[in-house]
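Okay, data_38.cif is below, mmCIF, C-alpha atoms:
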```
data_final
loop_
_atom_site.label_atom_id
_atom_site.label_comp_id
_atom_site.auth_asym_id
_atom_site.auth_seq_id
_atom_site.Cartn_x
_atom_site.Cartn_y
_atom_site.Cartn_z
CA MET A 20 8.75 -8.32 51.94
CA ILE A 21 10.01 -4.97 50.68
CA LYS A 22 7.19 -4.72 48.12
CA GLN A 23 4.50 -4.97 50.77
CA ARG A 24 6.28 -2.42 52.97
CA ILE A 25 6.43 0.03 50.06
CA GLN A 26 2.76 -0.52 49.23
CA GLU A 27 1.77 0.12 52.84
CA LEU A 28 3.87 3.29 53.02
CA SER A 29 2.48 4.52 49.68
CA LYS A 30 -1.07 4.09 50.94
CA ASN A 31 -0.29 5.92 54.19
CA LEU A 32 1.46 8.78 52.36
CA PHE A 33 -1.20 9.25 49.68
CA ASN A 34 -3.03 12.18 51.28
CA GLU A 35 0.26 13.99 51.99
CA VAL A 36 1.43 13.59 48.41
CA VAL A 37 -1.92 14.88 47.10
CA ALA A 38 -1.62 17.91 49.38
CA ASN A 39 1.91 18.60 48.14
CA ARG A 40 0.83 18.23 44.54
CA ARG A 41 -2.08 20.64 45.02
CA HIS A 42 0.14 23.20 46.75
CA ILE A 43 2.66 23.11 43.89
CA HIS A 44 -0.12 23.14 41.30
CA SER A 45 -1.70 26.26 42.76
CA HIS A 46 1.66 28.08 42.91
CA PRO A 47 3.21 27.45 39.46
CA GLU A 48 6.39 29.17 38.32
CA LEU A 49 7.87 29.49 34.85
CA SER A 50 11.15 27.99 33.68
CA PHE A 51 14.22 29.49 35.41
CA HIS A 52 11.91 31.20 37.96
CA GLU A 53 11.08 28.24 40.26
CA VAL A 54 12.14 30.09 43.41
CA GLU A 55 9.20 29.25 45.67
CA THR A 56 8.84 25.73 44.31
CA SER A 57 12.51 25.08 45.01
CA ALA A 58 12.13 26.49 48.52
CA PHE A 59 9.11 24.25 49.13
CA VAL A 60 11.07 21.17 48.04
CA ALA A 61 14.05 22.17 50.19
CA LYS A 62 11.75 22.56 53.22
CA LYS A 63 10.28 19.09 52.67
CA LEU A 64 13.75 17.56 52.36
CA ASP A 65 14.79 19.31 55.58
CA GLU A 66 11.77 17.81 57.33
CA LEU A 67 12.92 14.37 56.20
CA GLY A 68 16.46 15.00 57.39
CA ILE A 69 17.80 14.72 53.84
CA GLY A 70 20.75 16.98 53.05
CA TRP A 71 20.65 18.81 49.72
CA GLU A 72 22.69 21.07 47.47
CA ARG A 73 21.53 23.74 45.09
CA MET A 74 22.46 23.54 41.39
CA ALA A 75 21.55 25.53 38.27
CA ASP A 76 20.06 28.29 40.44
CA ASN A 77 16.76 26.66 41.40
CA GLY A 78 17.66 22.99 41.06
CA LEU A 79 18.26 20.70 44.03
CA VAL A 80 20.20 17.45 44.36
CA ALA A 81 20.02 15.23 47.44
CA LEU A 82 21.25 11.81 48.54
CA ILE A 83 19.59 8.99 50.46
CA LYS A 84 22.05 6.32 51.53
CA GLY A 85 20.90 2.83 52.38
CA GLU A 86 22.41 1.28 55.49
CA LYS A 87 23.35 -2.05 53.90
CA PRO A 88 26.73 -2.30 52.14
CA SER A 89 26.66 -1.41 48.41
CA ASP A 90 28.42 1.07 46.16
CA LYS A 91 25.62 1.17 43.57
CA VAL A 92 23.95 4.50 42.78
CA VAL A 93 20.64 5.27 41.05
CA ALA A 94 19.34 8.76 40.26
CA LEU A 95 15.66 9.72 40.24
CA ARG A 96 14.66 12.90 38.42
CA ALA A 97 11.66 15.24 38.65
CA ASP A 98 11.16 18.59 36.91
CA MET A 99 9.57 21.59 38.64
CA ASP A 100 8.66 24.32 36.11
CA ALA A 101 5.26 25.30 34.72
CA LEU A 102 3.97 26.72 31.43
CA PRO A 103 2.70 30.16 30.29
CA ILE A 104 -0.93 28.97 30.08
CA LEU A 105 -4.06 30.41 31.71
CA GLU A 106 -5.71 27.56 33.60
CA ALA A 107 -9.36 26.85 32.73
CA ASN A 108 -10.01 24.18 35.37
CA ASP A 109 -12.50 25.02 38.13
CA VAL A 110 -10.83 23.17 41.00
CA PRO A 111 -9.88 24.18 44.56
CA TYR A 112 -6.19 23.93 43.68
CA LYS A 113 -6.44 26.08 40.53
CA SER A 114 -3.39 28.18 39.69
CA GLN A 115 -3.15 31.37 41.71
CA ASN A 116 -0.64 32.85 39.26
CA ASP A 117 -2.54 34.25 36.29
CA GLY A 118 -1.24 33.00 32.98
CA VAL A 119 0.97 30.32 34.54
CA MET A 120 -0.11 26.70 34.91
CA HIS A 121 1.25 23.24 35.66
CA ALA A 122 -0.16 21.95 32.38
CA CYS A 123 2.53 19.29 31.86
CA GLY A 124 2.39 17.51 35.18
CA HIS A 125 5.62 18.74 36.71
CA ASP A 126 3.71 19.32 39.95
CA VAL A 127 2.95 15.60 39.85
CA HIS A 128 6.57 14.66 39.18
CA THR A 129 7.90 16.82 42.03
CA SER A 130 5.33 15.74 44.62
CA SER A 131 5.81 12.11 43.57
CA LEU A 132 9.57 12.28 44.06
CA LEU A 133 9.08 13.86 47.48
CA GLY A 134 6.78 10.96 48.37
CA THR A 135 9.31 8.46 47.05
CA ALA A 136 12.02 10.16 49.10
CA LYS A 137 9.94 9.72 52.26
CA ILE A 138 9.41 6.01 51.52
CA LEU A 139 13.11 5.46 50.90
CA THR A 140 14.01 7.33 54.09
CA GLU A 141 11.71 5.02 56.05
CA LEU A 142 13.37 1.97 54.45
CA LYS A 143 17.05 2.97 54.71
CA SER A 144 17.83 0.01 56.96
CA GLU A 145 16.43 -2.41 54.40
CA PHE A 146 18.49 -1.59 51.31
CA GLY A 147 22.06 -0.85 50.28
CA GLY A 148 23.37 1.74 47.85
CA THR A 149 22.67 5.42 47.23
CA VAL A 150 19.63 7.11 45.72
CA LYS A 151 20.33 10.51 44.18
CA LEU A 152 17.29 12.80 44.00
CA ILE A 153 17.33 15.36 41.18
CA PHE A 154 14.77 18.18 41.39
CA GLN A 155 15.34 19.95 38.12
CA PRO A 156 14.33 23.42 36.91
CA ALA A 157 13.49 24.58 33.40
CA GLU A 158 12.53 21.49 31.45
CA GLU A 159 10.22 23.55 29.26
CA LYS A 160 12.68 26.13 27.98
CA LEU A 161 15.98 25.95 26.10
CA PRO A 162 18.72 25.16 26.92
CA GLY A 163 16.91 22.97 29.46
CA GLY A 164 17.67 22.59 33.13
CA ALA A 165 18.99 19.06 32.59
CA SER A 166 21.86 20.32 30.43
CA LEU A 167 22.76 22.94 33.05
CA MET A 168 22.68 20.51 35.97
CA ILE A 169 24.80 18.00 34.05
CA LYS A 170 27.36 20.74 33.31
CA GLU A 171 27.45 21.57 37.03
CA GLY A 172 28.14 17.93 37.91
CA VAL A 173 24.79 16.46 38.93
CA LEU A 174 25.87 13.09 37.51
CA GLU A 175 29.12 13.07 39.47
CA ASN A 176 30.12 12.53 43.12
CA PRO A 177 28.63 9.98 43.13
CA LYS A 178 28.10 8.96 39.53
CA PRO A 179 24.82 7.07 39.07
CA ASP A 180 24.72 3.69 37.38
CA ALA A 181 21.32 4.65 35.99
CA VAL A 182 18.92 7.61 35.84
CA LEU A 183 15.16 7.02 36.05
CA GLY A 184 12.44 9.53 35.28
CA GLN A 185 8.67 9.36 35.06
CA HIS A 186 6.20 11.60 33.24
CA VAL A 187 2.42 11.89 33.25
CA MET A 188 0.56 10.46 30.24
CA PRO A 189 -3.13 11.39 29.83
CA LEU A 190 -3.54 8.82 27.05
CA ILE A 191 -3.06 6.00 29.59
CA ASP A 192 -5.57 5.14 32.31
CA ALA A 193 -4.58 5.95 35.88
CA GLY A 194 -2.95 2.98 37.56
CA LYS A 195 -1.14 1.88 34.42
CA PHE A 196 2.45 2.70 33.44
CA GLY A 197 4.12 2.60 30.02
CA PHE A 198 7.60 1.61 28.90
CA ARG A 199 9.59 1.56 25.66
CA ALA A 200 13.17 0.36 25.20
CA GLY A 201 15.47 2.09 22.70
CA GLN A 202 14.54 5.26 20.82
CA TYR A 203 11.58 6.93 22.48
CA MET A 204 11.39 10.72 22.09
CA ALA A 205 12.66 13.07 19.40
CA SER A 206 15.28 15.77 19.27
CA THR A 207 13.81 19.22 18.78
CA ASP A 208 15.09 22.30 16.95
CA GLU A 209 13.43 25.68 16.51
CA LEU A 210 13.54 27.18 13.01
CA TYR A 211 13.47 30.93 12.42
CA VAL A 212 13.40 31.94 8.76
CA THR A 213 13.25 35.36 7.09
CA VAL A 214 12.58 35.49 3.35
CA LYS A 215 13.43 38.87 1.83
CA GLY A 216 12.29 40.34 -1.46
CA LYS A 217 11.12 43.70 -2.78
CA GLY A 218 7.63 44.83 -1.89
CA GLY A 219 5.24 46.95 -3.85
CA HIS A 220 1.78 47.17 -5.40
CA GLY A 221 0.05 43.86 -5.93
CA ALA A 222 -1.17 45.03 -9.33
CA GLN A 223 2.40 45.48 -10.56
CA PRO A 224 4.14 42.20 -9.69
CA GLN A 225 6.71 42.67 -12.44
CA GLN A 226 8.24 45.51 -10.42
CA ASN A 227 8.55 43.43 -7.25
CA ILE A 228 10.35 40.39 -5.90
CA ASP A 229 7.53 38.62 -4.12
CA PRO A 230 8.71 37.06 -0.81
CA VAL A 231 5.28 35.48 -0.30
CA LEU A 232 5.64 33.42 -3.46
CA ILE A 233 9.23 32.56 -2.61
CA THR A 234 8.09 31.44 0.84
CA ALA A 235 5.41 29.22 -0.68
CA HIS A 236 8.01 27.46 -2.83
CA ILE A 237 10.32 27.05 0.18
CA LEU A 238 7.57 25.60 2.39
CA VAL A 239 6.61 22.98 -0.18
CA ALA A 240 10.19 22.14 -1.15
CA LEU A 241 11.36 21.70 2.45
CA GLN A 242 8.97 18.79 2.89
CA GLN A 243 11.28 16.86 0.57
CA ILE A 244 13.68 16.74 3.51
CA VAL A 245 11.21 14.40 5.17
CA SER A 246 9.71 12.56 2.19
CA ARG A 247 12.79 12.12 0.00
CA ASN A 248 15.89 12.58 2.16
CA ALA A 249 15.04 11.00 5.51
CA HIS A 250 15.32 7.22 5.70
CA PRO A 251 11.78 5.78 5.84
CA ALA A 252 12.71 3.90 9.03
CA ASN A 253 14.00 7.07 10.72
CA PRO A 254 11.08 9.12 12.16
CA THR A 255 11.34 12.78 11.12
CA VAL A 256 8.94 15.71 11.50
CA LEU A 257 9.16 19.17 9.93
CA SER A 258 6.34 21.60 10.75
CA PHE A 259 5.91 25.35 10.37
CA GLY A 260 3.28 26.85 12.65
CA LYS A 261 3.86 30.56 12.15
CA VAL A 262 3.95 32.56 8.90
CA ILE A 263 3.92 36.37 9.00
CA ALA A 264 3.58 38.38 5.79
CA ASN A 265 2.49 41.89 6.71
CA GLY A 266 1.13 42.92 3.34
CA ALA A 267 -2.46 43.45 2.26
CA THR A 268 -4.81 42.34 -0.50
CA ASN A 269 -2.96 44.60 -2.91
CA VAL A 270 0.36 45.07 -1.10
CA ILE A 271 3.31 42.72 -1.51
CA PRO A 272 5.52 42.97 1.62
CA ASN A 273 9.30 43.27 1.69
CA GLU A 274 9.74 40.13 3.78
CA VAL A 275 8.04 37.09 5.24
CA LYS A 276 8.91 35.45 8.55
CA LEU A 277 8.51 31.75 9.34
CA GLU A 278 8.81 29.80 12.56
CA GLY A 279 8.81 26.04 12.78
CA THR A 280 10.15 22.90 14.40
CA PHE A 281 12.32 20.03 13.20
CA ARG A 282 12.35 16.71 15.06
CA ALA A 283 14.39 13.57 14.52
CA MET A 284 15.59 10.39 16.19
CA ASP A 285 19.20 10.29 15.00
CA GLU A 286 21.89 12.88 15.74
CA GLU A 287 23.86 12.28 12.55
CA TRP A 288 20.77 12.67 10.36
CA ARG A 289 19.71 15.69 12.41
CA ALA A 290 22.94 17.52 11.56
CA GLU A 291 22.69 16.51 7.89
CA ALA A 292 19.10 17.74 7.70
CA HIS A 293 20.07 21.12 9.14
CA THR A 294 22.53 21.62 6.28
CA LYS A 295 20.03 20.45 3.65
CA MET A 296 17.21 22.70 4.88
CA LYS A 297 19.38 25.79 5.00
CA LYS A 298 20.93 25.15 1.58
CA MET A 299 17.57 24.40 -0.04
CA ALA A 300 15.79 27.48 1.33
CA GLU A 301 18.64 29.85 0.50
CA GLY A 302 18.98 28.37 -2.98
CA ILE A 303 15.29 28.74 -3.81
CA ALA A 304 15.20 32.33 -2.58
CA GLU A 305 18.30 33.26 -4.57
CA SER A 306 16.99 31.60 -7.74
CA MET A 307 13.83 33.72 -7.50
CA GLY A 308 15.69 36.98 -6.93
CA GLY A 309 15.35 37.20 -3.18
CA SER A 310 17.33 36.07 -0.16
CA CYS A 311 16.76 33.91 2.88
CA GLU A 312 18.12 33.93 6.41
CA PHE A 313 17.68 30.44 7.86
CA ASN A 314 18.47 30.25 11.57
CA ILE A 315 18.31 27.04 13.60
CA MET A 316 18.15 27.11 17.40
CA LYS A 317 19.36 23.66 18.35
CA GLY A 318 17.32 22.13 21.13
CA TYR A 319 17.23 18.88 23.06
CA PRO A 320 18.76 15.67 21.68
CA PHE A 321 16.71 12.54 21.10
CA LEU A 322 15.85 10.40 24.11
CA ILE A 323 16.97 6.78 24.21
CA ASN A 324 15.96 4.32 26.90
CA GLU A 325 18.90 1.97 27.44
CA PRO A 326 17.45 -1.44 26.46
CA LYS A 327 18.89 -3.65 29.20
CA LEU A 328 17.98 -1.16 31.94
CA THR A 329 14.51 -0.56 30.49
CA HIS A 330 13.69 -4.27 30.14
CA ALA A 331 14.76 -4.81 33.76
CA THR A 332 12.81 -1.76 34.94
CA ARG A 333 9.70 -2.93 33.10
CA ALA A 334 10.00 -6.37 34.70
CA HIS A 335 10.21 -4.78 38.15
CA ALA A 336 7.16 -2.65 37.32
CA GLU A 337 5.22 -5.75 36.33
CA ASP A 338 6.21 -7.34 39.61
CA TYR A 339 5.07 -4.30 41.60
CA LEU A 340 1.92 -3.37 39.64
CA GLY A 341 0.90 -6.61 37.94
CA LYS A 342 1.49 -7.32 34.24
CA GLU A 343 -1.96 -6.04 33.32
CA ASN A 344 -0.98 -2.57 34.50
CA VAL A 345 2.19 -2.24 32.40
CA VAL A 346 1.79 -1.25 28.74
CA ASP A 347 3.94 -0.67 25.66
CA LEU A 348 4.65 2.86 24.44
CA ASP A 349 4.98 4.02 20.84
CA ILE A 350 7.67 6.40 19.63
CA TRP A 351 6.70 9.91 20.72
CA MET A 352 7.84 12.81 18.53
CA ALA A 353 7.59 15.32 21.37
CA ALA A 354 10.85 16.26 23.10
CA GLU A 355 12.10 16.18 26.69
CA ASP A 356 15.30 17.48 28.23
CA PHE A 357 15.59 14.18 30.14
CA ALA A 358 17.22 13.21 26.83
CA TYR A 359 20.42 14.88 28.03
CA TYR A 360 20.68 12.32 30.83
CA SER A 361 20.06 9.51 28.35
CA GLN A 362 22.90 10.73 26.15
CA VAL A 363 25.51 10.44 28.91
CA SER A 364 24.16 7.73 31.21
CA ASP A 365 22.08 4.58 31.13
CA ALA A 366 18.56 5.95 31.48
CA CYS A 367 14.92 4.91 31.53
CA PHE A 368 12.09 7.40 31.04
CA TYR A 369 8.65 5.86 31.59
CA ARG A 370 5.06 7.06 31.61
CA MET A 371 2.54 7.32 34.42
CA GLY A 372 -1.11 6.99 33.38
CA THR A 373 -3.34 9.83 34.63
CA ARG A 374 -6.55 9.40 32.59
CA ASN A 375 -10.04 8.89 34.01
CA GLU A 376 -12.75 9.15 31.38
CA SER A 377 -15.58 8.70 33.86
CA ARG A 378 -14.50 11.93 35.57
CA GLY A 379 -13.71 13.76 32.34
CA ILE A 380 -9.97 13.79 33.04
CA THR A 381 -8.82 13.33 29.45
CA SER A 382 -7.20 16.61 28.37
CA ALA A 383 -3.77 16.53 26.76
CA VAL A 384 -0.71 18.08 28.35
CA HIS A 385 0.00 21.72 27.46
CA THR A 386 -3.73 22.56 27.42
CA PRO A 387 -5.67 24.85 29.82
CA THR A 388 -7.84 21.95 31.04
CA PHE A 389 -5.11 19.40 31.78
CA ASP A 390 -5.51 17.65 35.11
CA ILE A 391 -4.82 14.19 36.55
CA GLU A 392 -6.62 11.39 38.33
CA GLU A 393 -4.89 11.80 41.68
CA THR A 394 -5.34 8.18 42.77
CA ALA A 395 -2.41 7.46 40.41
CA LEU A 396 -0.10 9.16 42.90
CA GLU A 397 -0.21 6.18 45.24
CA GLN A 398 1.20 3.90 42.54
CA SER A 399 3.61 6.51 41.27
CA ILE A 400 5.48 7.03 44.56
CA GLY A 401 5.55 3.33 45.39
CA LEU A 402 6.69 2.23 41.96
CA MET A 403 9.58 4.70 41.84
CA ALA A 404 10.74 3.61 45.31
CA TYR A 405 10.53 -0.05 44.30
CA LEU A 406 12.38 0.55 41.01
CA ALA A 407 15.15 2.42 42.84
CA ILE A 408 15.65 -0.34 45.41
CA LYS A 409 15.60 -3.05 42.73
CA GLN A 410 18.04 -1.11 40.54
CA LEU A 411 20.42 -0.96 43.50
CA GLY A 412 20.43 -4.77 43.52
CA ASN A 413 18.37 -5.28 46.66
#
```
Could you show the structure in this file as structure tokens?
Amino acid sequence: MIKQRIQELSKNLFNEVVANRRHIHSHPELSFHEVETSAFVAKKLDELGIGWERMADNGLVALIKGEKPSDKVVALRADMDALPILEANDVPYKSQNDGVMHACGHDVHTSSLLGTAKILTELKSEFGGTVKLIFQPAEEKLPGGASLMIKEGVLENPKPDAVLGQHVMPLIDAGKFGFRAGQYMASTDELYVTVKGKGGHGAQPQQNIDPVLITAHILVALQQIVSRNAHPANPTVLSFGKVIANGATNVIPNEVKLEGTFRAMDEEWRAEAHTKMKKMAEGIAESMGGSCEFNIMKGYPFLINEPKLTHATRAHAEDYLGKENVVDLDIWMAAEDFAYYSQVSDACFYRMGTRNESRGITSAVHTPTFDIEETALEQSIGLMAYLAIKQLGN
């Protein structure tokens, strides 16, 4: 059976996939700078005899065609970029690039897809259809490598019937995988706000227009966007993590700068909220004698897992892993540029458990101590190969 063949190949390839993951982990590169990572992937594809094309500078797209007759196409996506974080792990494969770290598991995604590609290459005579491999740059930085690759035609010639992606999840034990149909991850927008007033001596407030006080009113009032304007059934998050008011104990500054994030699960409400936030902040500032510049850098859209595809994918995962190793996911208000694929194609984005409490592997993504339980790689490469073949109707 195909399942047993994939399981055997996954076991045999495990050490190679671990080695690839460790190589990529120790040589991380930031978004839009994945030159060596891209070259490493290209070399591995060459070794497998898989032709590839370059897209969006450092991105790669490749095709594996099954030898049985079928015109179905499925795309598998992995991201390659790292984060500007100084790694704190004391491991042999620790980052060799100071201040840059694979703290979000993209080394895992890339090495896993390479392993999956090798399995599928070995099994070409046993399935029909085409598997499109997408090695994507710049997931971590706007405008997102997914949007650029889509613009350059990654979902054309041939057009996939579905796009699958997997992502590490340190909240889930290694060996388990999580799925959620429908809305899954949020859109994300960056907010940059400047509140202007008239600075002066703190002991003479009547001579000033205090931007700190105006900012305080704006911060509190903007939470009404979430509590009184958003539908209670529509998840919405508004957070400000940076406030700069360069005054002193007795000095009122001329301006205050704010930076924050807005996240939602509905594109129509997202646009409406942008208008409401801007109007509210500018109105409050004007009513208090100041002014406000409210700039929104629009980021990734929300991510939706097409229900029919996701239910089928989950069922195949249960078949491959056993029902006890497939879990439900909650809505996740983080953002992912895989959402761009989900907006234009049937898509399923699922989670790969990487946690091992007994070994202390519990750190969240985007932290200096993030790492994974590497035994999960055996299931990750096999599952993705099995899902691809099943999606192609074999």
Can you tell me which residues surround stretch 177-179 of chain A at a distance of at most 6 Å, considering only C-alpha atoms, apart from same-chain residues fewer than 4 positions away, and format the answer as a PyMOL selection string? chain A and resi 92-94
Could I get the residues of stretch 252-344 of chain A with an atom no further than 8 Å from an atom of stretch 395-410 of chain A, each paired with its nearest atom pair and that distance in Å to one decimal, using all atoms listed in the file, sorted by chain and residue number, as CSV?
```
residue,atom,partner,partner_atom,distance
A:Thr332,CA,A:Leu406,CA,6.5
A:His335,CA,A:Leu406,CA,6.4
A:Ala336,CA,A:Leu402,CA,6.8
A:Tyr339,CA,A:Leu402,CA,6.7
A:Leu340,CA,A:Leu402,CA,7.7
```
With C-alpha atoms retained, export the selected residues as a PDB file, keeping the file's coordinate frame.
```
ATOM      1  CA  THR A 332      12.810  -1.760  34.940  1.00  0.00           C
ATOM      2  CA  HIS A 335      10.210  -4.780  38.150  1.00  0.00           C
ATOM      3  CA  ALA A 336       7.160  -2.650  37.320  1.00  0.00           C
ATOM      4  CA  TYR A 339       5.070  -4.300  41.600  1.00  0.00           C
ATOM      5  CA  LEU A 340       1.920  -3.370  39.640  1.00  0.00           C
TER       6      LEU A 340
END
```
Check which residues of stretch 131-200 of chain A sit at most 10 Å from stretch 383-391 of chain A using only C-alpha atoms, and return one row each with the closest pair of atoms and their distance in Å to one decimal, ordered by chain and rising number, as a tab-separated table.
```
residue	atom	partner	partner_atom	distance
A:Val187	CA	A:Ile391	CA	8.3
A:Met188	CA	A:Val384	CA	8.0
A:Pro189	CA	A:Ala383	CA	6.0
A:Leu190	CA	A:Ala383	CA	7.7
A:Ala193	CA	A:Ile391	CA	8.3
```
Go through stretch 341-383 of chain A and flag each residue having an atom no more than 12 Å from stretch 122-144 of chain A; for those, report the closest pair of atoms plus their distance in Å to one decimal, using all atoms listed in the file, ordered by chain and rising number, as JSON lines.
```
{"residue": "A:Glu355", "atom": "CA", "partner": "A:Cys123", "partner_atom": "CA", "distance": 11.3}
{"residue": "A:Tyr369", "atom": "CA", "partner": "A:His128", "partner_atom": "CA", "distance": 11.8}
{"residue": "A:Arg370", "atom": "CA", "partner": "A:His128", "partner_atom": "CA", "distance": 10.8}
{"residue": "A:Met371", "atom": "CA", "partner": "A:His128", "partner_atom": "CA", "distance": 9.6}
{"residue": "A:Gly372", "atom": "CA", "partner": "A:Gly124", "partner_atom": "CA", "distance": 11.2}
{"residue": "A:Thr373", "atom": "CA", "partner": "A:Gly124", "partner_atom": "CA", "distance": 9.6}
{"residue": "A:Ser382", "atom": "CA", "partner": "A:Ala122", "partner_atom": "CA", "distance": 9.7}
{"residue": "A:Ala383", "atom": "CA", "partner": "A:Cys123", "partner_atom": "CA", "distance": 8.6}
```
Looking at A:Ser310, A:Asn273, A:Asn324, A:Gln155, which one is nearest to A:Ala366, with distances taken over all atoms listed in the file? A:Asn324
I'd like the contact shell of A:Ile228 - 8 Å cut-off, only C-alpha atoms, skipping same-chain residues fewer than 5 positions apart - returned as a ChimeraX atom specification. /A:216-218,307-309
If you count all atoms listed in the file, which residues fall within 10 Å of A:Ile233, apart from same-chain ones fewer than 2 positions away, as a ChimeraX atom specification? /A:214-216,228-231,235-238,274-275,300,303-311
Can you tell me which residues surround A:Tyr359 at a distance of at most 12 Å, considering only C-alpha atoms, apart from same-chain residues fewer than 2 positions away, and format the answer as a JSON list (two decimals) with C-alpha atoms, in the coordinates of the input?
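Contents of the output file result35.json:
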```json
[["chain", "number", "residue", "atom", "x", "y", "z"],
["A", 158, "GLU", "CA", 12.53, 21.49, 31.45],
["A", 162, "PRO", "CA", 18.72, 25.16, 26.92],
["A", 163, "GLY", "CA", 16.91, 22.97, 29.46],
["A", 164, "GLY", "CA", 17.67, 22.59, 33.13],
["A", 165, "ALA", "CA", 18.99, 19.06, 32.59],
["A", 166, "SER", "CA", 21.86, 20.32, 30.43],
["A", 167, "LEU", "CA", 22.76, 22.94, 33.05],
["A", 168, "MET", "CA", 22.68, 20.51, 35.97],
["A", 169, "ILE", "CA", 24.80, 18.00, 34.05],
["A", 170, "LYS", "CA", 27.36, 20.74, 33.31],
["A", 173, "VAL", "CA", 24.79, 16.46, 38.93],
["A", 174, "LEU", "CA", 25.87, 13.09, 37.51],
["A", 182, "VAL", "CA", 18.92, 7.61, 35.84],
["A", 204, "MET", "CA", 11.39, 10.72, 22.09],
["A", 205, "ALA", "CA", 12.66, 13.07, 19.40],
["A", 206, "SER", "CA", 15.28, 15.77, 19.27],
["A", 318, "GLY", "CA", 17.32, 22.13, 21.13],
["A", 319, "TYR", "CA", 17.23, 18.88, 23.06],
["A", 320, "PRO", "CA", 18.76, 15.67, 21.68],
["A", 321, "PHE", "CA", 16.71, 12.54, 21.10],
["A", 322, "LEU", "CA", 15.85, 10.40, 24.11],
["A", 323, "ILE", "CA", 16.97, 6.78, 24.21],
["A", 324, "ASN", "CA", 15.96, 4.32, 26.90],
["A", 354, "ALA", "CA", 10.85, 16.26, 23.10],
["A", 355, "GLU", "CA", 12.10, 16.18, 26.69],
["A", 356, "ASP", "CA", 15.30, 17.48, 28.23],
["A", 357, "PHE", "CA", 15.59, 14.18, 30.14],
["A", 361, "SER", "CA", 20.06, 9.51, 28.35],
["A", 362, "GLN", "CA", 22.90, 10.73, 26.15],
["A", 363, "VAL", "CA", 25.51, 10.44, 28.91],
["A", 364, "SER", "CA", 24.16, 7.73, 31.21],
["A", 365, "ASP", "CA", 22.08, 4.58, 31.13],
["A", 366, "ALA", "CA", 18.56, 5.95, 31.48],
["A", 367, "CYS", "CA", 14.92, 4.91, 31.53],
["A", 368, "PHE", "CA", 12.09, 7.40, 31.04]]
```
Please list, as an NGL selection string, the residues that have an atom at most 10 Å away from (11.9, 14.7, 5.8) in the coordinates of this file, counting only C-alpha atoms. :A and (241-251 or 253-257 or 281-283 or 292 or 296)
Given only C-alpha atoms as the basis, pick out the residue of A:Arg40, A:Arg199, A:Met299, A:Ala75 nearest to A:Val239.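 Among A:Arg40, A:Arg199, A:Met299, A:Ala75, it is A:Met299 that comes nearest to A:Val239.
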Using Å and a single decimal, report how far atom CA of A:Tyr112 sits from atom CA of A:Asn77.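 Going from atom CA of A:Asn77 over to atom CA of A:Tyr112, I get 23.2 Å.
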Run the PyMOL selection byres ((chain A and resi 54) around 12) against the file shown and list the residues it catches, as a ChimeraX atom specification. /A:43,46-53,55-61,73,75-79,99-100,155-157
Mind giving me the axis-aligned box for stretch 283-300 of chain A with 8 Å on every side, centre plus edges in Å to one decimal, as JSON?
```
{"center_x": 19.1, "center_y": 18.9, "center_z": 8.1, "size_x": 25.5, "size_y": 33.2, "size_z": 32.2}
```
For the file shown, report as a list in words the outcome of the PyMOL selection byres ((chain A and resi 341-344) around 9) at residue level.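 Applying the PyMOL selection byres ((chain A and resi 341-344) around 9) to the structure shown produces Gly194, Lys195, Phe196, Gly197, Ala334, Ala336, Glu337, Asp338, Tyr339, Leu340, Val345 and Val346 of chain A.
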Please compute the atom CA of A:Gly85-atom CA of A:Phe146 distance, one decimal, in Å. 5.1 Å
Between atom CA of A:Asn413 and atom CA of A:Arg24 lies a distance of 13.9 Å
Written as a VMD selection string, what is the full residue list that the PyMOL selection byres ((chain A and resi 70) around 9) yields on the file shown? chain A and resid 61 64 to 65 67 to 69 71 to 72 80 to 83
Mind rebuilding stretch 258-265 of chain A with N, CA and C atoms and writing that out as a compact mmCIF listing (two decimals), keeping the file's coordinate frame?
```
# COMPACT_ATOMS: atom_id res chain seq x y z
N SER A 258 7.60 20.86 10.74
CA SER A 258 6.34 21.60 10.75
C SER A 258 6.61 23.09 10.94
N PHE A 259 5.88 23.90 10.19
CA PHE A 259 5.91 25.35 10.37
C PHE A 259 4.55 25.80 10.88
N GLY A 260 4.54 26.44 12.04
CA GLY A 260 3.28 26.85 12.65
C GLY A 260 3.04 28.35 12.64
N LYS A 261 4.02 29.10 12.13
CA LYS A 261 3.86 30.56 12.15
C LYS A 261 4.42 31.15 10.86
N VAL A 262 3.56 31.88 10.14
CA VAL A 262 3.95 32.56 8.90
C VAL A 262 3.43 33.99 8.99
N ILE A 263 4.31 34.96 8.91
CA ILE A 263 3.92 36.37 9.00
C ILE A 263 4.33 37.08 7.71
N ALA A 264 3.33 37.58 6.98
CA ALA A 264 3.58 38.38 5.79
C ALA A 264 2.72 39.63 5.92
N ASN A 265 3.27 40.70 6.41
CA ASN A 265 2.49 41.89 6.71
C ASN A 265 2.23 42.76 5.49
```
